[in-house]
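Listing of work_13.cif; format and content: mmCIF, C-alpha atoms.
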data_work
loop_
_atom_site.group_PDB
_atom_site.id
_atom_site.type_symbol
_atom_site.label_atom_id
_atom_site.label_comp_id
_atom_site.auth_asym_id
_atom_site.auth_seq_id
_atom_site.Cartn_x
_atom_site.Cartn_y
_atom_site.Cartn_z
ATOM 1 C CA MET A 1 -50.581 -10.666 -27.158
ATOM 2 C CA ILE A 2 -49.734 -7.829 -29.502
ATOM 3 C CA SER A 3 -47.080 -9.921 -31.256
ATOM 4 C CA ILE A 4 -49.597 -12.712 -31.885
ATOM 5 C CA LEU A 5 -52.297 -10.334 -33.135
ATOM 6 C CA ASP A 6 -49.940 -8.440 -35.431
ATOM 7 C CA LYS A 7 -48.787 -11.625 -37.141
ATOM 8 C CA SER A 8 -52.156 -13.390 -37.317
ATOM 9 C CA SER A 9 -53.937 -13.983 -40.627
ATOM 10 C CA MET A 10 -57.146 -14.976 -38.831
ATOM 11 C CA LYS A 11 -59.315 -13.703 -35.995
ATOM 12 C CA VAL A 12 -58.055 -14.559 -32.532
ATOM 13 C CA ASN A 13 -59.857 -15.257 -29.255
ATOM 14 C CA ILE A 14 -57.798 -14.492 -26.132
ATOM 15 C CA TYR A 15 -58.634 -15.769 -22.655
ATOM 16 C CA ILE A 16 -56.820 -14.565 -19.537
ATOM 17 C CA ILE A 17 -57.015 -15.895 -15.982
ATOM 18 C CA HIS A 18 -55.895 -13.074 -13.691
ATOM 19 C CA LYS A 19 -55.303 -12.770 -9.968
ATOM 20 C CA ILE A 20 -56.739 -9.237 -9.701
ATOM 21 C CA GLU A 21 -58.466 -8.067 -12.890
ATOM 22 C CA GLU A 22 -62.069 -9.028 -13.688
ATOM 23 C CA ASP A 23 -62.401 -7.647 -17.221
ATOM 24 C CA SER A 24 -60.260 -6.502 -20.145
ATOM 25 C CA SER A 25 -60.325 -2.785 -19.292
ATOM 26 C CA PHE A 26 -56.696 -2.940 -18.074
ATOM 27 C CA LEU A 27 -55.421 -3.980 -21.503
ATOM 28 C CA PRO A 28 -53.867 -1.338 -23.786
ATOM 29 C CA LEU A 29 -56.033 0.001 -26.621
ATOM 30 C CA PRO A 30 -53.757 -1.385 -29.378
ATOM 31 C CA ILE A 31 -54.731 -4.853 -28.134
ATOM 32 C CA LYS A 32 -58.410 -4.219 -27.375
ATOM 33 C CA GLU A 33 -58.983 -2.486 -30.723
ATOM 34 C CA HIS A 34 -56.771 -4.721 -32.844
ATOM 35 C CA SER A 35 -58.292 -5.791 -36.162
ATOM 36 C CA SER A 36 -57.232 -9.433 -35.578
ATOM 37 C CA LEU A 37 -58.874 -9.670 -32.155
ATOM 38 C CA ASN A 38 -62.235 -11.416 -32.276
ATOM 39 C CA ASP A 39 -62.844 -11.579 -28.538
ATOM 40 C CA CYS A 40 -60.985 -11.151 -25.260
ATOM 41 C CA LYS A 41 -62.267 -12.468 -21.953
ATOM 42 C CA VAL A 42 -60.686 -11.998 -18.523
ATOM 43 C CA TYR A 43 -61.522 -14.275 -15.588
ATOM 44 C CA LYS A 44 -60.542 -13.474 -12.037
ATOM 45 C CA PHE A 45 -58.997 -16.445 -10.265
ATOM 46 C CA ASP A 46 -61.260 -17.253 -7.334
ATOM 47 C CA ARG A 47 -59.592 -20.125 -5.481
ATOM 48 C CA GLU A 48 -57.874 -18.070 -2.789
ATOM 49 C CA ASN A 49 -57.285 -20.962 -0.423
ATOM 50 C CA THR A 50 -55.495 -23.133 -2.956
ATOM 51 C CA PHE A 51 -51.889 -23.875 -1.948
ATOM 52 C CA PHE A 52 -49.214 -23.512 -4.631
ATOM 53 C CA PRO A 53 -45.808 -24.831 -3.530
ATOM 54 C CA ASN A 54 -42.252 -23.576 -4.046
ATOM 55 C CA LEU A 55 -43.018 -19.918 -4.882
ATOM 56 C CA ASP A 56 -40.849 -18.204 -2.261
ATOM 57 C CA ASN A 57 -38.125 -16.146 -3.985
ATOM 58 C CA ALA A 58 -39.095 -17.676 -7.331
ATOM 59 C CA HIS A 59 -39.029 -15.808 -10.647
ATOM 60 C CA VAL A 60 -42.563 -17.032 -11.336
ATOM 61 C CA SER A 61 -45.821 -16.177 -9.575
ATOM 62 C CA GLU A 62 -48.728 -18.384 -8.535
ATOM 63 C CA ALA A 63 -50.280 -17.621 -11.937
ATOM 64 C CA THR A 64 -48.079 -20.359 -13.396
ATOM 65 C CA TYR A 65 -50.459 -22.854 -11.741
ATOM 66 C CA TYR A 66 -53.614 -21.259 -13.180
ATOM 67 C CA ARG A 67 -53.484 -23.368 -16.358
ATOM 68 C CA ILE A 68 -54.531 -26.341 -14.252
ATOM 69 C CA PHE A 69 -57.938 -24.642 -13.909
ATOM 70 C CA LEU A 70 -58.566 -23.817 -17.582
ATOM 71 C CA ASP A 71 -61.713 -25.909 -17.848
ATOM 72 C CA GLN A 72 -63.224 -24.144 -14.827
ATOM 73 C CA TYR A 73 -63.162 -20.744 -16.538
ATOM 74 C CA LEU A 74 -63.187 -21.083 -20.324
ATOM 75 C CA PRO A 75 -66.454 -21.302 -22.343
ATOM 76 C CA ASN A 76 -67.932 -24.783 -22.768
ATOM 77 C CA ASP A 77 -68.062 -24.563 -26.564
ATOM 78 C CA ILE A 78 -64.262 -24.406 -26.915
ATOM 79 C CA GLU A 79 -62.857 -27.703 -28.152
ATOM 80 C CA THR A 80 -59.136 -26.926 -28.409
ATOM 81 C CA ILE A 81 -56.968 -24.165 -26.972
ATOM 82 C CA ILE A 82 -53.328 -23.176 -27.079
ATOM 83 C CA TYR A 83 -51.812 -22.006 -23.814
ATOM 84 C CA ILE A 84 -48.875 -19.580 -24.215
ATOM 85 C CA ASP A 85 -46.590 -18.314 -21.425
ATOM 86 C CA SER A 86 -46.396 -14.542 -20.961
ATOM 87 C CA ASP A 87 -42.624 -14.530 -21.660
ATOM 88 C CA ILE A 88 -43.139 -15.617 -25.268
ATOM 89 C CA ILE A 89 -43.009 -13.454 -28.398
ATOM 90 C CA CYS A 90 -44.677 -14.451 -31.669
ATOM 91 C CA GLN A 91 -42.550 -13.842 -34.769
ATOM 92 C CA LYS A 92 -44.697 -15.365 -37.533
ATOM 93 C CA ASP A 93 -48.296 -16.214 -38.310
ATOM 94 C CA LEU A 94 -49.291 -18.951 -35.871
ATOM 95 C CA GLY A 95 -52.448 -19.960 -37.737
ATOM 96 C CA PRO A 96 -51.280 -22.398 -40.462
ATOM 97 C CA ILE A 97 -49.137 -24.669 -38.292
ATOM 98 C CA LEU A 98 -51.622 -24.472 -35.425
ATOM 99 C CA ARG A 99 -54.506 -25.640 -37.615
ATOM 100 C CA ASP A 100 -52.459 -28.690 -38.635
ATOM 101 C CA TYR A 101 -51.620 -29.570 -35.044
ATOM 102 C CA VAL A 102 -55.227 -29.156 -33.885
ATOM 103 C CA ILE A 103 -56.215 -31.819 -36.434
ATOM 104 C CA LYS A 104 -53.312 -34.069 -35.404
ATOM 105 C CA LEU A 105 -54.215 -33.771 -31.732
ATOM 106 C CA LYS A 106 -57.862 -34.555 -32.382
ATOM 107 C CA LYS A 107 -56.942 -37.704 -34.331
ATOM 108 C CA SER A 108 -54.369 -38.811 -31.774
ATOM 109 C CA LYS A 109 -54.838 -40.691 -28.511
ATOM 110 C CA TYR A 110 -53.556 -37.677 -26.582
ATOM 111 C CA LEU A 111 -55.296 -34.658 -25.074
ATOM 112 C CA LEU A 112 -52.123 -32.576 -24.827
ATOM 113 C CA GLY A 113 -49.496 -31.332 -27.281
ATOM 114 C CA ALA A 114 -46.115 -30.025 -26.075
ATOM 115 C CA LYS A 115 -42.446 -29.745 -26.972
ATOM 116 C CA THR A 116 -40.018 -32.134 -25.324
ATOM 117 C CA GLU A 117 -37.535 -30.203 -23.209
ATOM 118 C CA TRP A 118 -35.339 -33.047 -21.970
ATOM 119 C CA HIS A 119 -34.797 -36.719 -22.702
ATOM 120 C CA ARG A 120 -33.842 -39.268 -20.088
ATOM 121 C CA GLU A 121 -30.077 -39.353 -20.004
ATOM 122 C CA ASP A 122 -27.326 -39.157 -17.418
ATOM 123 C CA ARG A 123 -27.394 -35.373 -16.900
ATOM 124 C CA HIS A 124 -31.183 -35.347 -16.493
ATOM 125 C CA ILE A 125 -31.754 -38.672 -14.782
ATOM 126 C CA GLU A 126 -32.261 -36.991 -11.384
ATOM 127 C CA ILE A 127 -35.265 -35.075 -12.743
ATOM 128 C CA PHE A 128 -36.979 -38.217 -14.021
ATOM 129 C CA ASN A 129 -36.271 -40.057 -10.788
ATOM 130 C CA ARG A 130 -37.444 -37.175 -8.596
ATOM 131 C CA LEU A 131 -40.735 -36.954 -10.491
ATOM 132 C CA LYS A 132 -41.161 -40.743 -10.510
ATOM 133 C CA MET A 133 -41.494 -40.809 -14.287
ATOM 134 C CA ASN A 134 -41.428 -43.960 -16.370
ATOM 135 C CA SER A 135 -41.139 -42.337 -19.802
ATOM 136 C CA ASP A 136 -38.031 -40.841 -21.403
ATOM 137 C CA ASN A 137 -39.502 -37.436 -22.307
ATOM 138 C CA TYR A 138 -39.939 -34.300 -20.159
ATOM 139 C CA LEU A 139 -42.184 -31.621 -21.667
ATOM 140 C CA ASN A 140 -41.841 -27.827 -21.601
ATOM 141 C CA ALA A 141 -45.139 -26.334 -20.397
ATOM 142 C CA GLY A 142 -44.554 -22.882 -21.910
ATOM 143 C CA VAL A 143 -46.726 -23.762 -24.910
ATOM 144 C CA LEU A 144 -49.466 -26.355 -24.539
ATOM 145 C CA LEU A 145 -52.018 -27.407 -27.123
ATOM 146 C CA ILE A 146 -54.967 -28.801 -25.161
ATOM 147 C CA ASN A 147 -58.043 -30.700 -26.262
ATOM 148 C CA LEU A 148 -60.362 -29.130 -23.724
ATOM 149 C CA ASP A 149 -63.164 -31.606 -24.426
ATOM 150 C CA LYS A 150 -60.962 -34.556 -23.461
ATOM 151 C CA TRP A 151 -59.518 -32.569 -20.540
ATOM 152 C CA LYS A 152 -63.027 -32.153 -19.099
ATOM 153 C CA LYS A 153 -64.222 -35.677 -19.831
ATOM 154 C CA GLU A 154 -61.171 -37.213 -18.162
ATOM 155 C CA LYS A 155 -61.425 -34.792 -15.192
ATOM 156 C CA ILE A 156 -57.771 -33.796 -15.539
ATOM 157 C CA ARG A 157 -58.076 -30.816 -13.203
ATOM 158 C CA ASP A 158 -59.340 -32.977 -10.334
ATOM 159 C CA LYS A 159 -56.658 -35.604 -10.918
ATOM 160 C CA ILE A 160 -53.808 -33.065 -10.998
ATOM 161 C CA LEU A 161 -55.125 -31.249 -7.928
ATOM 162 C CA ASN A 162 -55.293 -34.548 -6.085
ATOM 163 C CA ILE A 163 -51.584 -35.043 -6.798
ATOM 164 C CA LEU A 164 -50.844 -31.459 -5.772
ATOM 165 C CA ASN A 165 -52.658 -31.893 -2.478
ATOM 166 C CA ASN A 166 -50.842 -35.142 -1.722
ATOM 167 C CA LEU A 167 -47.340 -34.425 -2.957
ATOM 168 C CA ASP A 168 -44.670 -36.971 -2.149
ATOM 169 C CA PHE A 169 -41.974 -35.429 -4.371
ATOM 170 C CA GLU A 170 -40.498 -31.938 -4.867
ATOM 171 C CA LEU A 171 -41.739 -29.495 -7.512
ATOM 172 C CA ASN A 172 -38.560 -27.657 -8.501
ATOM 173 C CA LEU A 173 -40.126 -26.308 -11.695
ATOM 174 C CA TRP A 174 -43.593 -25.772 -10.281
ATOM 175 C CA ASP A 175 -46.569 -26.951 -12.325
ATOM 176 C CA GLN A 176 -44.298 -27.983 -15.207
ATOM 177 C CA ASP A 177 -42.944 -30.714 -12.941
ATOM 178 C CA LEU A 178 -46.506 -31.522 -11.938
ATOM 179 C CA PHE A 179 -47.598 -31.876 -15.571
ATOM 180 C CA ASN A 180 -44.640 -34.128 -16.306
ATOM 181 C CA HIS A 181 -45.343 -36.383 -13.346
ATOM 182 C CA PHE A 182 -48.974 -36.687 -14.413
ATOM 183 C CA PHE A 183 -48.705 -37.000 -18.209
ATOM 184 C CA ASP A 184 -45.351 -38.866 -18.068
ATOM 185 C CA GLY A 185 -44.582 -38.680 -21.798
ATOM 186 C CA ARG A 186 -48.205 -39.072 -22.911
ATOM 187 C CA TYR A 187 -48.448 -36.103 -25.238
ATOM 188 C CA LEU A 188 -48.286 -35.175 -28.919
ATOM 189 C CA GLU A 189 -44.860 -33.836 -29.828
ATOM 190 C CA LEU A 190 -44.920 -30.228 -31.057
ATOM 191 C CA ASP A 191 -42.266 -28.834 -33.363
ATOM 192 C CA SER A 192 -39.670 -26.723 -31.555
ATOM 193 C CA VAL A 193 -40.622 -23.693 -33.716
ATOM 194 C CA LEU A 194 -43.729 -23.437 -31.518
ATOM 195 C CA ASN A 195 -41.656 -23.111 -28.347
ATOM 196 C CA TRP A 196 -38.135 -22.000 -29.178
ATOM 197 C CA ASN A 197 -36.056 -21.523 -26.038
ATOM 198 C CA LEU A 198 -33.966 -18.389 -26.494
ATOM 199 C CA ASP A 199 -30.931 -17.722 -24.329
ATOM 200 C CA ILE A 200 -30.933 -13.921 -24.318
ATOM 201 C CA THR A 201 -27.301 -13.832 -23.194
ATOM 202 C CA LEU A 202 -26.189 -15.212 -26.582
ATOM 203 C CA GLU A 203 -24.542 -12.509 -28.649
ATOM 204 C CA ASN A 204 -26.219 -13.421 -31.928
ATOM 205 C CA TYR A 205 -29.693 -14.603 -32.734
ATOM 206 C CA THR A 206 -29.920 -15.317 -36.447
ATOM 207 C CA ASN A 207 -32.471 -18.116 -36.624
ATOM 208 C CA ASN A 208 -35.545 -16.749 -38.383
ATOM 209 C CA GLU A 209 -37.468 -20.015 -38.301
ATOM 210 C CA PRO A 210 -39.074 -19.997 -34.800
ATOM 211 C CA ILE A 211 -42.697 -18.894 -34.619
ATOM 212 C CA LEU A 212 -42.908 -18.579 -30.835
ATOM 213 C CA VAL A 213 -39.715 -17.420 -29.092
ATOM 214 C CA HIS A 214 -39.621 -18.309 -25.395
ATOM 215 C CA PHE A 215 -37.460 -16.301 -22.971
ATOM 216 C CA TYR A 216 -37.117 -19.419 -20.898
ATOM 217 C CA GLY A 217 -35.709 -19.484 -17.375
ATOM 218 C CA LYS A 218 -34.716 -16.798 -14.907
ATOM 219 C CA GLU A 219 -33.044 -14.382 -17.347
ATOM 220 C CA LYS A 220 -35.658 -12.057 -18.864
ATOM 221 C CA PRO A 221 -35.240 -9.207 -21.387
ATOM 222 C CA TRP A 222 -36.776 -6.607 -19.049
ATOM 223 C CA VAL A 223 -34.779 -7.191 -15.859
ATOM 224 C CA GLY A 224 -31.163 -7.448 -14.668
ATOM 225 C CA ARG A 225 -28.493 -8.233 -17.190
ATOM 226 C CA GLY A 226 -31.171 -9.307 -19.643
ATOM 227 C CA LEU A 227 -31.843 -5.598 -20.280
ATOM 228 C CA PHE A 228 -28.364 -5.169 -21.698
ATOM 229 C CA THR A 229 -28.401 -8.068 -24.128
ATOM 230 C CA LYS A 230 -28.904 -7.672 -27.855
ATOM 231 C CA ASN A 231 -31.869 -10.041 -27.785
ATOM 232 C CA SER A 232 -33.745 -7.846 -25.305
ATOM 233 C CA GLU A 233 -34.811 -5.792 -28.321
ATOM 234 C CA ILE A 234 -36.964 -8.702 -29.565
ATOM 235 C CA PHE A 235 -39.203 -8.095 -26.556
ATOM 236 C CA GLN A 236 -38.835 -4.316 -26.229
ATOM 237 C CA LYS A 237 -39.891 -3.559 -29.812
ATOM 238 C CA GLU A 238 -43.180 -5.374 -29.153
ATOM 239 C CA TYR A 239 -43.632 -3.491 -25.881
ATOM 240 C CA ARG A 240 -43.365 -0.149 -27.699
ATOM 241 C CA LYS A 241 -46.481 -1.029 -29.694
ATOM 242 C CA ILE A 242 -48.617 -0.839 -26.556
ATOM 243 C CA SER A 243 -46.822 1.850 -24.539
ATOM 244 C CA THR A 244 -45.578 5.428 -24.807
ATOM 245 C CA LYS A 245 -42.396 4.239 -23.117
ATOM 246 C CA LYS A 246 -39.468 2.874 -25.096
ATOM 247 C CA TYR A 247 -38.517 0.260 -22.495
ATOM 248 C CA PHE A 248 -40.207 -1.986 -19.989
ATOM 249 C CA ILE A 249 -37.832 -2.218 -17.020
ATOM 250 C CA GLU A 250 -38.141 -4.077 -13.727
ATOM 251 C CA HIS A 251 -35.724 -4.603 -10.841
ATOM 252 C CA ARG A 252 -35.407 -7.644 -8.603
ATOM 253 C CA TRP A 253 -32.723 -5.928 -6.522
ATOM 254 C CA ILE A 254 -31.680 -2.319 -7.213
ATOM 255 C CA PRO A 255 -27.934 -2.642 -6.357
ATOM 256 C CA THR A 256 -27.642 -5.530 -8.817
ATOM 257 C CA SER A 257 -29.461 -3.546 -11.513
ATOM 258 C CA LEU A 258 -27.098 -0.605 -11.021
ATOM 259 C CA LYS A 259 -24.133 -2.949 -11.208
ATOM 260 C CA PHE A 260 -25.320 -4.298 -14.571
ATOM 261 C CA LEU A 261 -25.821 -0.727 -15.824
ATOM 262 C CA VAL A 262 -22.264 0.276 -14.872
ATOM 263 C CA ASN A 263 -20.842 -2.921 -16.350
ATOM 264 C CA SER A 264 -22.690 -2.265 -19.601
ATOM 265 C CA PHE A 265 -20.558 0.873 -20.190
ATOM 266 C CA PHE A 266 -17.335 -1.079 -19.677
ATOM 267 C CA ASN A 267 -18.252 -4.126 -21.770
ATOM 268 C CA GLY A 268 -19.881 -2.021 -24.496
ATOM 269 C CA SER A 269 -23.343 -3.590 -24.282
ATOM 270 C CA PHE A 270 -24.949 -0.252 -23.402
ATOM 271 C CA PHE A 271 -23.968 1.158 -26.797
ATOM 272 C CA GLN A 272 -26.041 -1.434 -28.649
ATOM 273 C CA ILE A 273 -29.204 -0.121 -26.939
ATOM 274 C CA LYS A 274 -31.422 1.547 -29.528
ATOM 275 C CA TYR A 275 -32.726 4.556 -27.580
ATOM 276 C CA LYS A 276 -29.905 5.245 -25.133
ATOM 277 C CA PHE A 277 -31.086 8.491 -23.522
ATOM 278 C CA ARG A 278 -34.658 7.233 -23.150
ATOM 279 C CA PHE A 279 -33.297 4.037 -21.630
ATOM 280 C CA ILE A 280 -31.356 5.945 -18.946
ATOM 281 C CA ASN A 281 -34.355 8.149 -18.219
ATOM 282 C CA GLU A 282 -36.745 5.211 -17.878
ATOM 283 C CA PHE A 283 -34.179 3.174 -15.937
ATOM 284 C CA ILE A 284 -33.930 5.932 -13.299
ATOM 285 C CA LYS A 285 -37.710 6.344 -13.131
ATOM 286 C CA SER A 286 -38.167 2.586 -12.697
ATOM 287 C CA ILE A 287 -35.744 2.592 -9.747
ATOM 288 C CA TYR A 288 -37.747 5.375 -8.110
ATOM 289 C CA LEU A 289 -40.974 3.428 -8.604
ATOM 290 C CA LYS A 290 -39.356 0.266 -7.236
ATOM 291 C CA LYS A 291 -38.207 2.091 -4.079
ATOM 292 C CA LYS A 292 -41.639 3.623 -3.671
ATOM 293 C CA SER A 293 -43.408 0.277 -3.980
ATOM 294 C CA ASP A 294 -41.014 -1.341 -1.479
ATOM 295 C CA LEU A 295 -41.825 1.192 1.258
#

Please express the file's structure as structure tokens.
Amino acid sequence: MISILDKSSMKVNIYIIHKIEEDSSFLPLPIKEHSSLNDCKVYKFDRENTFFPNLDNAHVSEATYYRIFLDQYLPNDIETIIYIDSDIICQKDLGPILRDYVIKLKKSKYLLGAKTEWHREDRHIEIFNRLKMNSDNYLNAGVLLINLDKWKKEKIRDKILNILNNLDFELNLWDQDLFNHFFDGRYLELDSVLNWNLDITLENYTNNEPILVHFYGKEKPWVGRGLFTKNSEIFQKEYRKISTKKYFIEHRWIPTSLKFLVNSFFNGSFFQIKYKFRFINEFIKSIYLKKKSDL
């Protein structure tokens, strides 16, 4: 959120669907008091009995499915929204290109805009067959431009939930698979600069063109070996804007985290960390908090 607000040349409305929080009081002051923020609304998800498949031991939570329910929570006067995954950082002003795509979407026959992640070919054919797709394009659901008016009129939520409640295929990539089965290539193609998949394990990241950088997949810049990659700093420098800490650190499994820390001294990756002593201090504190929460 802070990366979007800092780069924005226009006022921004932010809407959050949250499992626990009911208002925006939990957000850091730099976000709540930002000059580019017009309004921020938080809605507590209230469908406790809804079943969301394939979440055991996953690197995503049930919140990934919440976008299905957008029309149930957001104000009725909103015509178009952009959904953005929480593992995305904004690097440039989103406004100009977004305005163009809002117009394109409105004039098109589609109600959804997305970037194509995969095309039907030999190495991806299993995905298309598993999802019973007829088209040749599989979308990435990390960034979705949605005509909310059309979404409501066509009762998309009810149709997708009907599929979810009567699944006859596997959802390996959760609601992204669900969206692909349902829309099956029927979407407006978004430029990849609006959803640039970044492999944080790559040594160099020199492309300055992407607007929205997506830390796609299991490797994240705040956990595991992702912490010790050069590209982790893209995320961490934004985190410092909203925290007194220098690093946001999480642990999936403490022994593995310690192993990556030790390895970082041998392979030299630790020495590219910007605030080394603060990193060690916060790394140790985060382990203590992890142990405490696991009790």

Nearest residue to Ile20 of chain A out of A:Asn129, A:Lys44, A:Glu33, A:Gln91, using all atoms listed in the file? A:Lys44

Enclose all atoms of segment 13-17 of chain A listed in the file in an axis-aligned box, grow every side by 8 Å, and hand back centre and edge lengths in Å to one decimal, as JSON.
{"center_x": -58.3, "center_y": -15.2, "center_z": -22.6, "size_x": 19.0, "size_y": 17.4, "size_z": 29.3}

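The residues returned by the PyMOL selection byres ((chain A and resi 133) around 12) on the shown structure are His119, Arg120, His124, Ile125, Glu126, Ile127, Phe128, Asn129, Arg130, Leu131, Lys132, Asn134, Ser135, Asp136, Asn137, Tyr138, Leu139, Phe169, Asp177, Leu178, Phe179, Asn180, His181, Phe182, Phe183, Asp184, Gly185 and Arg186 of chain A.
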
If I take atom CA of Ile211 of chain A and atom CA of Ile97 of chain A, how far is one from the other in Å, to one decimal? 9.4 Å

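For the file at hand, the PyMOL selection byres ((chain A and resi 70-84) around 8) resolves to Tyr15, Ile17, Tyr43, Tyr66, Arg67, Ile68, Phe69, Asp85, Ser86, Ile88, Val102, Gly142, Val143, Leu144, Leu145, Ile146, Asn147, Leu148, Asp149, Trp151, Lys152 and Arg157 of chain A.
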
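Interatomic distance, atom CA of Lys246 of chain A to atom CA of Glu62 of chain A: 28.5 Å.
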